[in-house]
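S.K.: Next up, structure_22.pdb (PDB, C-alpha atoms).
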ATOM      1  CA  MET A   5      81.986  81.935  58.038
ATOM      2  CA  LYS A   6      82.976  84.821  60.299
ATOM      3  CA  ILE A   7      86.641  85.632  60.892
ATOM      4  CA  VAL A   8      87.802  87.831  63.769
ATOM      5  CA  TYR A   9      91.293  89.274  64.203
ATOM      6  CA  PHE A  10      93.057  90.595  67.287
ATOM      7  CA  ALA A  11      96.043  92.794  68.252
ATOM      8  CA  TRP A  12      98.708  93.158  65.517
ATOM      9  CA  VAL A  13      97.029  90.571  63.305
ATOM     10  CA  ARG A  14      93.934  92.830  63.282
ATOM     11  CA  GLU A  15      96.048  95.910  62.544
ATOM     12  CA  ARG A  16      97.824  94.268  59.622
ATOM     13  CA  VAL A  17      94.655  92.808  58.098
ATOM     14  CA  GLY A  18      92.962  96.202  58.543
ATOM     15  CA  VAL A  19      89.551  95.051  59.819
ATOM     16  CA  PRO A  20      88.475  93.601  63.189
ATOM     17  CA  ASP A  21      86.169  91.039  61.604
ATOM     18  CA  GLU A  22      84.634  89.982  58.317
ATOM     19  CA  VAL A  23      82.315  87.389  56.830
ATOM     20  CA  VAL A  24      84.002  85.354  54.105
ATOM     21  CA  ASP A  25      82.960  82.699  51.649
ATOM     22  CA  PRO A  26      86.124  80.777  50.799
ATOM     23  CA  PRO A  27      86.120  78.498  47.750
ATOM     24  CA  ALA A  28      85.380  74.764  47.847
ATOM     25  CA  GLY A  29      88.444  72.845  48.981
ATOM     26  CA  THR A  30      89.153  75.230  51.873
ATOM     27  CA  ASP A  31      88.945  72.387  54.346
ATOM     28  CA  THR A  32      91.428  73.264  57.085
ATOM     29  CA  VAL A  33      92.779  76.304  58.913
ATOM     30  CA  ALA A  34      95.944  76.084  56.788
ATOM     31  CA  ASP A  35      93.813  76.120  53.602
ATOM     32  CA  LEU A  36      92.003  79.217  54.870
ATOM     33  CA  VAL A  37      95.274  81.012  55.666
ATOM     34  CA  ARG A  38      96.582  80.205  52.165
ATOM     35  CA  TRP A  39      93.397  81.653  50.622
ATOM     36  CA  LEU A  40      93.471  84.765  52.849
ATOM     37  CA  LYS A  41      97.100  85.476  51.883
ATOM     38  CA  GLY A  42      95.948  85.735  48.284
ATOM     39  CA  ARG A  43      93.513  88.524  49.174
ATOM     40  CA  GLY A  44      96.023  91.340  49.691
ATOM     41  CA  GLU A  45      99.184  92.770  51.167
ATOM     42  CA  GLY A  46      97.716  93.223  54.675
ATOM     43  CA  TYR A  47      96.860  89.526  54.879
ATOM     44  CA  ARG A  48     100.325  88.573  53.617
ATOM     45  CA  GLU A  49     101.874  90.774  56.322
ATOM     46  CA  ALA A  50      99.607  89.372  59.022
ATOM     47  CA  PHE A  51     100.425  85.782  58.076
ATOM     48  CA  ALA A  52     104.073  86.370  57.059
ATOM     49  CA  ASP A  53     105.169  83.991  59.814
ATOM     50  CA  GLU A  54     102.389  81.419  59.935
ATOM     51  CA  ALA A  55     104.030  79.591  62.823
ATOM     52  CA  VAL A  56     103.544  82.642  65.061
ATOM     53  CA  VAL A  57      99.862  83.379  64.379
ATOM     54  CA  ARG A  58      97.478  81.436  66.636
ATOM     55  CA  VAL A  59      93.993  80.281  65.693
ATOM     56  CA  ALA A  60      90.823  79.486  67.597
ATOM     57  CA  LEU A  61      87.735  77.773  66.191
ATOM     58  CA  ASP A  62      84.463  78.683  67.901
ATOM     59  CA  HIS A  63      86.381  79.998  70.952
ATOM     60  CA  VAL A  64      88.673  76.940  71.307
ATOM     61  CA  HIS A  65      92.409  76.919  70.509
ATOM     62  CA  ALA A  66      93.155  74.892  67.368
ATOM     63  CA  ARG A  67      96.027  73.788  65.114
ATOM     64  CA  PRO A  68      96.614  74.628  61.429
ATOM     65  CA  ASP A  69      95.483  71.144  60.340
ATOM     66  CA  ALA A  70      92.127  71.459  62.164
ATOM     67  CA  PRO A  71      89.082  70.990  59.879
ATOM     68  CA  LEU A  72      86.734  73.943  59.332
ATOM     69  CA  ALA A  73      83.559  71.917  58.703
ATOM     70  CA  GLY A  74      80.719  73.205  60.898
ATOM     71  CA  ILE A  75      82.795  76.066  62.319
ATOM     72  CA  ARG A  76      80.982  79.423  62.654
ATOM     73  CA  GLU A  77      83.776  81.694  63.922
ATOM     74  CA  VAL A  78      87.494  81.550  63.189
ATOM     75  CA  ALA A  79      89.854  83.816  65.154
ATOM     76  CA  PHE A  80      93.456  84.701  64.308
ATOM     77  CA  PHE A  81      95.703  86.420  66.849
ATOM     78  CA  PRO A  82      99.299  86.725  68.116
ATOM     79  CA  PRO A  83     100.632  84.664  71.030
ATOM     80  CA  MET A  84      98.793  85.746  74.155
ATOM     81  CA  THR A  85     100.308  88.219  76.620
ATOM     82  CA  GLY A  86      97.691  88.563  79.362
ATOM     83  CA  GLY A  87      98.033  87.855  83.048
TER      84      GLY A  87
ATOM     85  CA  MET B   5      83.464  70.264  91.605
ATOM     86  CA  ALA B   6      84.565  73.360  93.492
ATOM     87  CA  PRO B   7      82.574  76.559  92.869
ATOM     88  CA  ILE B   8      84.373  78.478  90.133
ATOM     89  CA  ARG B   9      83.927  82.199  89.521
ATOM     90  CA  ILE B  10      85.297  83.675  86.287
ATOM     91  CA  ALA B  11      85.018  87.349  85.362
ATOM     92  CA  VAL B  12      86.366  89.491  82.534
ATOM     93  CA  GLN B  13      85.748  93.171  83.232
ATOM     94  CA  ALA B  14      86.994  96.714  82.599
ATOM     95  CA  GLU B  15      86.525  97.936  86.158
ATOM     96  CA  PRO B  16      88.996  97.234  89.000
ATOM     97  CA  PHE B  17      88.311  94.299  91.314
ATOM     98  CA  ASP B  18      88.381  94.230  95.102
ATOM     99  CA  ALA B  19      90.588  91.327  96.220
ATOM    100  CA  ALA B  20      89.389  91.520  99.836
ATOM    101  CA  ALA B  21      85.720  91.485  98.799
ATOM    102  CA  GLU B  22      86.383  88.585  96.423
ATOM    103  CA  THR B  23      88.043  86.632  99.238
ATOM    104  CA  GLU B  24      85.035  87.303 101.512
ATOM    105  CA  ARG B  25      82.752  86.090  98.737
ATOM    106  CA  LEU B  26      84.787  82.880  98.384
ATOM    107  CA  LEU B  27      84.664  82.239 102.143
ATOM    108  CA  ALA B  28      81.022  83.217 102.718
ATOM    109  CA  GLY B  29      79.100  80.506 104.542
ATOM    110  CA  ARG B  30      82.054  78.084 104.449
ATOM    111  CA  ALA B  31      83.773  76.544 107.465
ATOM    112  CA  ASP B  32      85.744  73.878 105.577
ATOM    113  CA  ILE B  33      88.256  76.184 103.880
ATOM    114  CA  GLY B  34      91.649  76.148 105.597
ATOM    115  CA  ALA B  35      93.702  77.998 102.981
ATOM    116  CA  VAL B  36      93.207  80.668 100.354
ATOM    117  CA  ALA B  37      96.140  81.493  98.081
ATOM    118  CA  SER B  38      95.792  84.866  96.399
ATOM    119  CA  PHE B  39      97.701  86.268  93.435
ATOM    120  CA  THR B  40      97.221  89.778  92.073
ATOM    121  CA  GLY B  41      99.066  90.954  88.978
ATOM    122  CA  TYR B  42      99.616  94.727  88.617
ATOM    123  CA  CYS B  43     100.641  97.073  85.830
ATOM    124  CA  ARG B  44     104.300  98.158  86.222
ATOM    125  CA  ASP B  45     105.525 101.574  85.055
ATOM    126  CA  GLU B  46     108.637  99.972  83.502
ATOM    127  CA  GLY B  47     111.025 102.460  85.077
ATOM    128  CA  GLY B  48     108.727 105.441  84.475
ATOM    129  CA  ARG B  49     108.395 104.789  80.725
ATOM    130  CA  LEU B  50     104.775 103.615  80.784
ATOM    131  CA  ALA B  51     101.603 105.733  80.979
ATOM    132  CA  ALA B  52      99.314 102.708  80.811
ATOM    133  CA  LEU B  53      98.894  99.203  79.509
ATOM    134  CA  GLU B  54      96.083  98.552  77.065
ATOM    135  CA  LEU B  55      94.623  95.072  77.300
ATOM    136  CA  GLU B  56      92.742  93.830  74.274
ATOM    137  CA  HIS B  57      90.718  90.651  74.688
ATOM    138  CA  TYR B  58      88.541  88.236  72.737
ATOM    139  CA  PRO B  59      85.086  88.541  74.337
ATOM    140  CA  GLY B  60      83.483  85.152  74.830
ATOM    141  CA  MET B  61      86.639  83.123  74.326
ATOM    142  CA  ALA B  62      88.432  84.907  77.187
ATOM    143  CA  GLU B  63      85.762  83.760  79.663
ATOM    144  CA  ALA B  64      85.584  80.280  78.078
ATOM    145  CA  GLU B  65      89.335  79.696  78.153
ATOM    146  CA  MET B  66      89.678  80.988  81.731
ATOM    147  CA  GLY B  67      86.874  78.589  82.661
ATOM    148  CA  ARG B  68      88.700  75.674  81.011
ATOM    149  CA  VAL B  69      91.944  76.509  82.853
ATOM    150  CA  ALA B  70      90.044  76.785  86.150
ATOM    151  CA  ALA B  71      88.276  73.465  85.550
ATOM    152  CA  ASP B  72      91.660  71.809  84.816
ATOM    153  CA  ALA B  73      92.982  73.143  88.129
ATOM    154  CA  ALA B  74      89.897  71.873  89.969
ATOM    155  CA  ARG B  75      90.475  68.389  88.511
ATOM    156  CA  ARG B  76      94.136  68.480  89.525
ATOM    157  CA  TRP B  77      93.831  69.717  93.128
ATOM    158  CA  PRO B  78      91.174  69.189  95.843
ATOM    159  CA  LEU B  79      89.856  72.767  95.662
ATOM    160  CA  LEU B  80      86.960  74.220  97.622
ATOM    161  CA  GLY B  81      86.681  77.337  95.473
ATOM    162  CA  LEU B  82      88.455  79.151  92.669
ATOM    163  CA  THR B  83      88.114  82.745  91.456
ATOM    164  CA  ALA B  84      89.828  84.200  88.384
ATOM    165  CA  ILE B  85      89.225  87.801  87.304
ATOM    166  CA  HIS B  86      90.988  89.468  84.370
ATOM    167  CA  ARG B  87      90.604  93.109  83.373
ATOM    168  CA  HIS B  88      90.647  94.646  79.907
ATOM    169  CA  GLY B  89      90.977  98.207  78.646
ATOM    170  CA  LEU B  90      93.467 100.851  79.756
ATOM    171  CA  ILE B  91      95.181 100.132  83.072
ATOM    172  CA  PRO B  92      97.529 102.721  84.632
ATOM    173  CA  PRO B  93     100.735 101.761  86.485
ATOM    174  CA  GLY B  94      99.835 100.449  89.922
ATOM    175  CA  GLY B  95      96.447  99.275  88.718
ATOM    176  CA  PRO B  96      95.463  95.619  89.184
ATOM    177  CA  ILE B  97      95.197  93.449  86.044
ATOM    178  CA  VAL B  98      94.480  89.926  87.198
ATOM    179  CA  LEU B  99      93.297  88.166  90.368
ATOM    180  CA  VAL B 100      93.432  84.461  91.174
ATOM    181  CA  LEU B 101      92.100  83.048  94.447
ATOM    182  CA  ALA B 102      92.374  79.333  95.154
ATOM    183  CA  ALA B 103      90.704  77.867  98.242
ATOM    184  CA  SER B 104      91.348  74.450  99.735
ATOM    185  CA  SER B 105      91.555  72.624 103.056
ATOM    186  CA  HIS B 106      95.351  72.914 103.052
ATOM    187  CA  ARG B 107      97.926  75.274 101.641
ATOM    188  CA  GLU B 108      99.629  72.929  99.170
ATOM    189  CA  ALA B 109      96.606  72.661  96.884
ATOM    190  CA  ALA B 110      95.822  76.387  97.211
ATOM    191  CA  PHE B 111      99.366  77.489  96.292
ATOM    192  CA  GLY B 112      99.679  74.922  93.515
ATOM    193  CA  ALA B 113      96.340  75.699  91.896
ATOM    194  CA  ALA B 114      96.887  79.481  92.021
ATOM    195  CA  GLU B 115     100.259  79.136  90.306
ATOM    196  CA  PHE B 116      98.898  76.690  87.725
ATOM    197  CA  VAL B 117      95.984  78.980  86.857
ATOM    198  CA  MET B 118      98.292  81.995  86.444
ATOM    199  CA  ASP B 119     100.742  80.057  84.254
ATOM    200  CA  PHE B 120      97.952  78.989  81.894
ATOM    201  CA  LEU B 121      96.104  82.321  81.928
ATOM    202  CA  LYS B 122      99.282  83.924  80.617
ATOM    203  CA  THR B 123      99.771  81.455  77.787
ATOM    204  CA  ARG B 124      96.186  80.439  76.872
ATOM    205  CA  ALA B 125      93.698  83.174  77.795
ATOM    206  CA  PRO B 126      93.154  85.482  74.778
ATOM    207  CA  PHE B 127      94.455  88.822  76.083
ATOM    208  CA  TRP B 128      97.073  91.037  74.447
ATOM    209  CA  LYS B 129      98.989  93.882  76.090
ATOM    210  CA  ARG B 130     100.081  97.051  74.363
ATOM    211  CA  GLU B 131     102.189  99.818  75.897
ATOM    212  CA  HIS B 132     101.020 103.428  76.044
ATOM    213  CA  LEU B 133     104.105 105.557  76.703
ATOM    214  CA  ARG B 134     104.559 108.608  78.926
ATOM    215  CA  ASP B 135     105.593 110.729  75.929
ATOM    216  CA  GLY B 136     102.075 110.268  74.521
ATOM    217  CA  THR B 137     103.007 107.767  71.832
ATOM    218  CA  LEU B 138     101.635 104.294  71.356
ATOM    219  CA  GLY B 139     104.261 101.680  72.132
ATOM    220  CA  PRO B 140     104.589  98.179  70.734
ATOM    221  CA  TRP B 141     102.441  95.149  71.422
ATOM    222  CA  VAL B 142     104.093  93.269  74.262
ATOM    223  CA  GLU B 143     105.832  90.139  72.980
ATOM    224  CA  ALA B 144     105.063  86.747  74.472
ATOM    225  CA  LYS B 145     107.855  85.420  76.670
ATOM    226  CA  ASP B 146     109.445  81.993  76.241
ATOM    227  CA  THR B 147     109.719  81.872  80.032
ATOM    228  CA  ASP B 148     105.907  81.984  80.260
ATOM    229  CA  ASP B 149     105.633  79.045  77.840
ATOM    230  CA  ARG B 150     108.174  77.083  79.870
ATOM    231  CA  ALA B 151     106.332  77.895  83.114
ATOM    232  CA  ALA B 152     103.152  76.417  81.612
ATOM    233  CA  ASP B 153     104.953  73.471  80.002
ATOM    234  CA  ARG B 154     106.452  72.279  83.282
ATOM    235  CA  TRP B 155     102.958  71.340  84.511
ATOM    236  CA  ALA B 156     102.681  68.799  81.704
ATOM    237  CA  ALA B 157     105.838  67.119  82.997
ATOM    238  CA  ALA B 158     104.781  67.343  86.653
ATOM    239  CA  THR B 159     102.911  64.434  88.189
ATOM    240  CA  SER B 160      99.407  65.292  89.356
ATOM    241  CA  PRO B 161      99.243  65.511  93.148
TER     242      PRO B 161
END
Show me this structure written as structure tokens.
M.R.:
Amino acid sequence: MKIVYFAWVRERVGVPDEVVDPPAGTDTVADLVRWLKGRGEGYREAFADEAVVRVALDHVHARPDAPLAGIREVAFFPPMTGG
Amino acid sequence: MAPIRIAVQAEPFDAAAETERLLAGRADIGAVASFTGYCRDEGGRLAALELEHYPGMAEAEMGRVAADAARRWPLLGLTAIHRHGLIPPGGPIVLVLAASSHREAAFGAAEFVMDFLKTRAPFWKREHLRDGTLGPWVEAKDTDDRAADRWAAATSP
């Protein structure tokens, strides 16, 4: 599974993207965030306020309880400020 | 379904040329509402705005917002262009053109598309300051969320 990060989430994690192989039982976005936070300080900083960080699954906005089965690309980013 | 044109690009757009493109060969369009968003200098503080985006999703999400608008109003054409990269004060950032037979649908759709581009399209602004330093990421505004939320409460025309 590929994960991509944007804006300050990317800066805190320290990489723009990575391919990960989370353990069995990582079924939802929330499970993935919990696992990522165990990988280092940058991840803990990025996801310090989980309610703020947004997620998209294969280019579509999603919620923390969304299942990851069949998903190829997960994106984490701050609230959007375009326009 | 109205013809929808979505573009995400680094280079500036030409609003007049885009309007001509929307109108080309059409005699049924009675109204085009146009919105252009520009980079402000924030009282002289700003050297530029940097716009980061999520390639692929930016186009997809703008397309979904445009398709929602086309379901909601009787549109004859809709164009949405969003730039990325470094944009100096005075430079255009975003263009929305909504075409219809009458003004009500054109105004309504243009406003709807802008409200949802701001809250749903994956773009992030960062300030580059005149003193040469990198400023903060721009924070999302609650007022933008409320502007988008009011459409959920509004009855479809």
S.K.: Which polymer residues have any atom within 9 Å of an atom of Leu50 in chain B, counting all atoms listed in the file, with same-chain residues fewer than 6 positions away left out, as a list in words?
M.R.: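 Here the qualifying residues turn out to be Arg44, Pro92, Pro93, Glu131, His132, Leu133, Arg134, Asp135 and Gly139 of chain B.
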S.K.: Taking all atoms listed in the file into account, what are the residues of chain A at most 10 Å from chain B, put as an MDAnalysis selection string?
M.R.: chainID A and resid 8:12 60:65 79 81:87
S.K.: For Ser104 in chain B, which residue out of B:Leu27, B:Val12, B:Ala35, B:Ala73 is the nearest one, using all atoms listed in the file?
M.R.: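 The closest residue to Ser104 in chain B is B:Ala35.
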S.K.: What's around Gly74 in chain A at 12 Å? Count only C-alpha atoms, leave out sequence neighbours fewer than 3 positions away in its own chain, and write the answer as number ranges by chain.
M.R.: A: 5-6, 31-32, 61-62, 70-71, 77-78
S.K.: Work out how far apart CA of Met66 in chain B and CA of Pro68 in chain A are and give it in Å to one decimal.
M.R.: 22.4 Å
S.K.: Do you know which residues the PyMOL selection byres ((chain A and resi 54) around 12) returns on this file, as a PyMOL selection string?
M.R.: chain A and resi 13+33-38+40-41+47-53+55-59+67-68+80-83
S.K.: In Å, how far is it from CA of Leu26 in chain B to CA of Ile91 in chain B?
M.R.: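 Computing the Euclidean distance for CA of Leu26 in chain B and CA of Ile91 in chain B yields 25.3 Å.
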S.K.: Any idea what the distance is between CA of Trp155 in chain B and CA of Ala102 in chain B?
M.R.: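 Rounded to one decimal, the two atoms are 17.0 Å apart.
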S.K.: What would the selection look like, as a CSV table (one decimal) with C-alpha atoms, in the frame of the given file, if the PyMOL selection byres ((chain B and resi 32) around 10) were run on the coordinates I just shared?
M.R.:
chain,number,residue,atom,x,y,z
B,27,LEU,CA,84.7,82.2,102.1
B,29,GLY,CA,79.1,80.5,104.5
B,30,ARG,CA,82.1,78.1,104.4
B,31,ALA,CA,83.8,76.5,107.5
B,33,ILE,CA,88.3,76.2,103.9
B,34,GLY,CA,91.6,76.1,105.6
B,35,ALA,CA,93.7,78.0,103.0
B,80,LEU,CA,87.0,74.2,97.6
B,103,ALA,CA,90.7,77.9,98.2
B,104,SER,CA,91.3,74.4,99.7
B,105,SER,CA,91.6,72.6,103.1
B,106,HIS,CA,95.4,72.9,103.1
S.K.: Once 5 Å is added on each side, what are the centre and the three edge lengths, in Å to one decimal, of the axis-aligned box enclosing the listed atoms of range 85-104 of chain B? Present them as JSON.
M.R.:
{"center_x": 95.0, "center_y": 88.6, "center_z": 89.2, "size_x": 21.5, "size_y": 38.3, "size_z": 31.1}
S.K.: Residue by residue, what does the PyMOL selection byres ((chain A and resi 25) around 12) grab here? Present the result as a PDB file with C-alpha atoms, in the coordinates of the input.
M.R.:
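Output file selection29.pdb follows:
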ATOM      1  CA  MET A   5      81.986  81.935  58.038  1.00  0.00           C
ATOM      2  CA  LYS A   6      82.976  84.821  60.299  1.00  0.00           C
ATOM      3  CA  ILE A   7      86.641  85.632  60.892  1.00  0.00           C
ATOM      4  CA  GLU A  22      84.634  89.982  58.317  1.00  0.00           C
ATOM      5  CA  VAL A  23      82.315  87.389  56.830  1.00  0.00           C
ATOM      6  CA  VAL A  24      84.002  85.354  54.105  1.00  0.00           C
ATOM      7  CA  PRO A  26      86.124  80.777  50.799  1.00  0.00           C
ATOM      8  CA  PRO A  27      86.120  78.498  47.750  1.00  0.00           C
ATOM      9  CA  ALA A  28      85.380  74.764  47.847  1.00  0.00           C
ATOM     10  CA  GLY A  29      88.444  72.845  48.981  1.00  0.00           C
ATOM     11  CA  THR A  30      89.153  75.230  51.873  1.00  0.00           C
ATOM     12  CA  LEU A  36      92.003  79.217  54.870  1.00  0.00           C
ATOM     13  CA  TRP A  39      93.397  81.653  50.622  1.00  0.00           C
ATOM     14  CA  LEU A  40      93.471  84.765  52.849  1.00  0.00           C
ATOM     15  CA  ARG A  76      80.982  79.423  62.654  1.00  0.00           C
TER      16      ARG A  76
END
S.K.: From the set B:Gly112, B:Pro7, B:Gly136, B:Gly95, which residue has the shortest atom-to-atom contact distance to Asp45 in chain B, counting all atoms listed in the file?
M.R.: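 The answer is B:Gly95, which sits nearest to Asp45 in chain B.
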S.K.: I need chain A written out with C-alpha atoms, as a short mmCIF file (atom, residue, chain, number, x, y, z; two decimals), in the first residue's frame; please produce it.
M.R.:
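Saved to result.cif:
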data_model
loop_
_atom_site.label_atom_id
_atom_site.label_comp_id
_atom_site.auth_asym_id
_atom_site.auth_seq_id
_atom_site.Cartn_x
_atom_site.Cartn_y
_atom_site.Cartn_z
CA MET A 5 0.00 0.00 0.00
CA LYS A 6 1.30 3.44 -0.94
CA ILE A 7 0.86 6.38 1.43
CA VAL A 8 1.26 9.99 0.30
CA TYR A 9 1.48 13.03 2.58
CA PHE A 10 0.88 16.70 1.87
CA ALA A 11 1.65 20.15 3.35
CA TRP A 12 2.51 20.13 7.09
CA VAL A 13 1.61 16.45 7.44
CA ARG A 14 4.33 15.71 4.84
CA GLU A 15 6.82 17.97 6.64
CA ARG A 16 6.22 16.33 10.01
CA VAL A 17 6.37 12.77 8.66
CA GLY A 18 9.54 13.70 6.75
CA VAL A 19 8.81 11.96 3.43
CA PRO A 20 6.36 12.80 0.62
CA ASP A 21 5.37 9.18 0.09
CA GLU A 22 6.24 5.64 1.08
CA VAL A 23 5.18 2.05 0.48
CA VAL A 24 4.18 0.30 3.70
CA ASP A 25 3.18 -3.19 4.70
CA PRO A 26 1.11 -2.80 7.86
CA PRO A 27 0.44 -5.88 10.00
CA ALA A 28 -2.67 -8.06 9.73
CA GLY A 29 -5.56 -6.45 11.57
CA THR A 30 -4.91 -3.01 10.06
CA ASP A 31 -8.39 -2.90 8.62
CA THR A 32 -9.41 0.75 8.73
CA VAL A 33 -7.88 4.20 8.32
CA ALA A 34 -7.92 4.59 12.12
CA ASP A 35 -6.00 1.29 12.48
CA LEU A 36 -3.42 2.54 9.98
CA VAL A 37 -2.99 5.85 11.83
CA ARG A 38 -2.50 3.97 15.12
CA TRP A 39 0.19 1.79 13.49
CA LEU A 40 1.93 4.78 11.84
CA LYS A 41 2.08 6.64 15.18
CA GLY A 42 4.14 3.76 16.53
CA ARG A 43 6.77 4.25 13.82
CA GLY A 44 8.39 7.43 15.16
CA GLU A 45 8.23 10.94 16.52
CA GLY A 46 7.47 12.56 13.14
CA TYR A 47 4.37 10.40 12.71
CA ARG A 48 3.25 11.16 16.27
CA GLU A 49 3.63 14.89 15.55
CA ALA A 50 1.79 14.62 12.24
CA PHE A 51 -1.12 12.76 13.81
CA ALA A 52 -1.05 14.53 17.21
CA ASP A 53 -4.57 15.81 16.55
CA GLU A 54 -6.19 13.01 14.58
CA ALA A 55 -9.42 14.96 14.21
CA VAL A 56 -7.61 17.59 12.13
CA VAL A 57 -5.79 15.34 9.65
CA ARG A 58 -7.87 14.45 6.58
CA VAL A 59 -7.63 11.23 4.60
CA ALA A 60 -8.38 10.21 1.04
CA LEU A 61 -8.52 6.65 -0.29
CA ASP A 62 -7.67 6.27 -3.98
CA HIS A 63 -8.31 10.01 -4.55
CA VAL A 64 -11.67 10.11 -2.71
CA HIS A 65 -12.25 11.78 0.68
CA ALA A 66 -12.84 9.21 3.43
CA ARG A 67 -13.52 8.91 7.17
CA PRO A 68 -11.34 7.28 9.86
CA ASP A 69 -13.63 4.23 10.01
CA ALA A 70 -13.33 3.58 6.25
CA PRO A 71 -12.02 0.08 5.38
CA LEU A 72 -8.65 -0.23 3.63
CA ALA A 73 -9.38 -3.49 1.77
CA GLY A 74 -8.52 -3.12 -1.92
CA ILE A 75 -7.14 0.41 -1.50
CA ARG A 76 -3.93 1.18 -3.43
CA GLU A 77 -3.18 4.74 -2.30
CA VAL A 78 -3.88 6.39 1.04
CA ALA A 79 -3.33 10.15 1.40
CA PHE A 80 -3.06 12.16 4.62
CA PHE A 81 -3.20 15.96 4.59
CA PRO A 82 -4.35 19.04 6.53
CA PRO A 83 -7.72 20.72 5.93
CA MET A 84 -7.68 22.18 2.44
CA THR A 85 -6.96 25.86 1.81
CA GLY A 86 -7.21 26.26 -1.96
CA GLY A 87 -9.49 28.50 -3.95
#
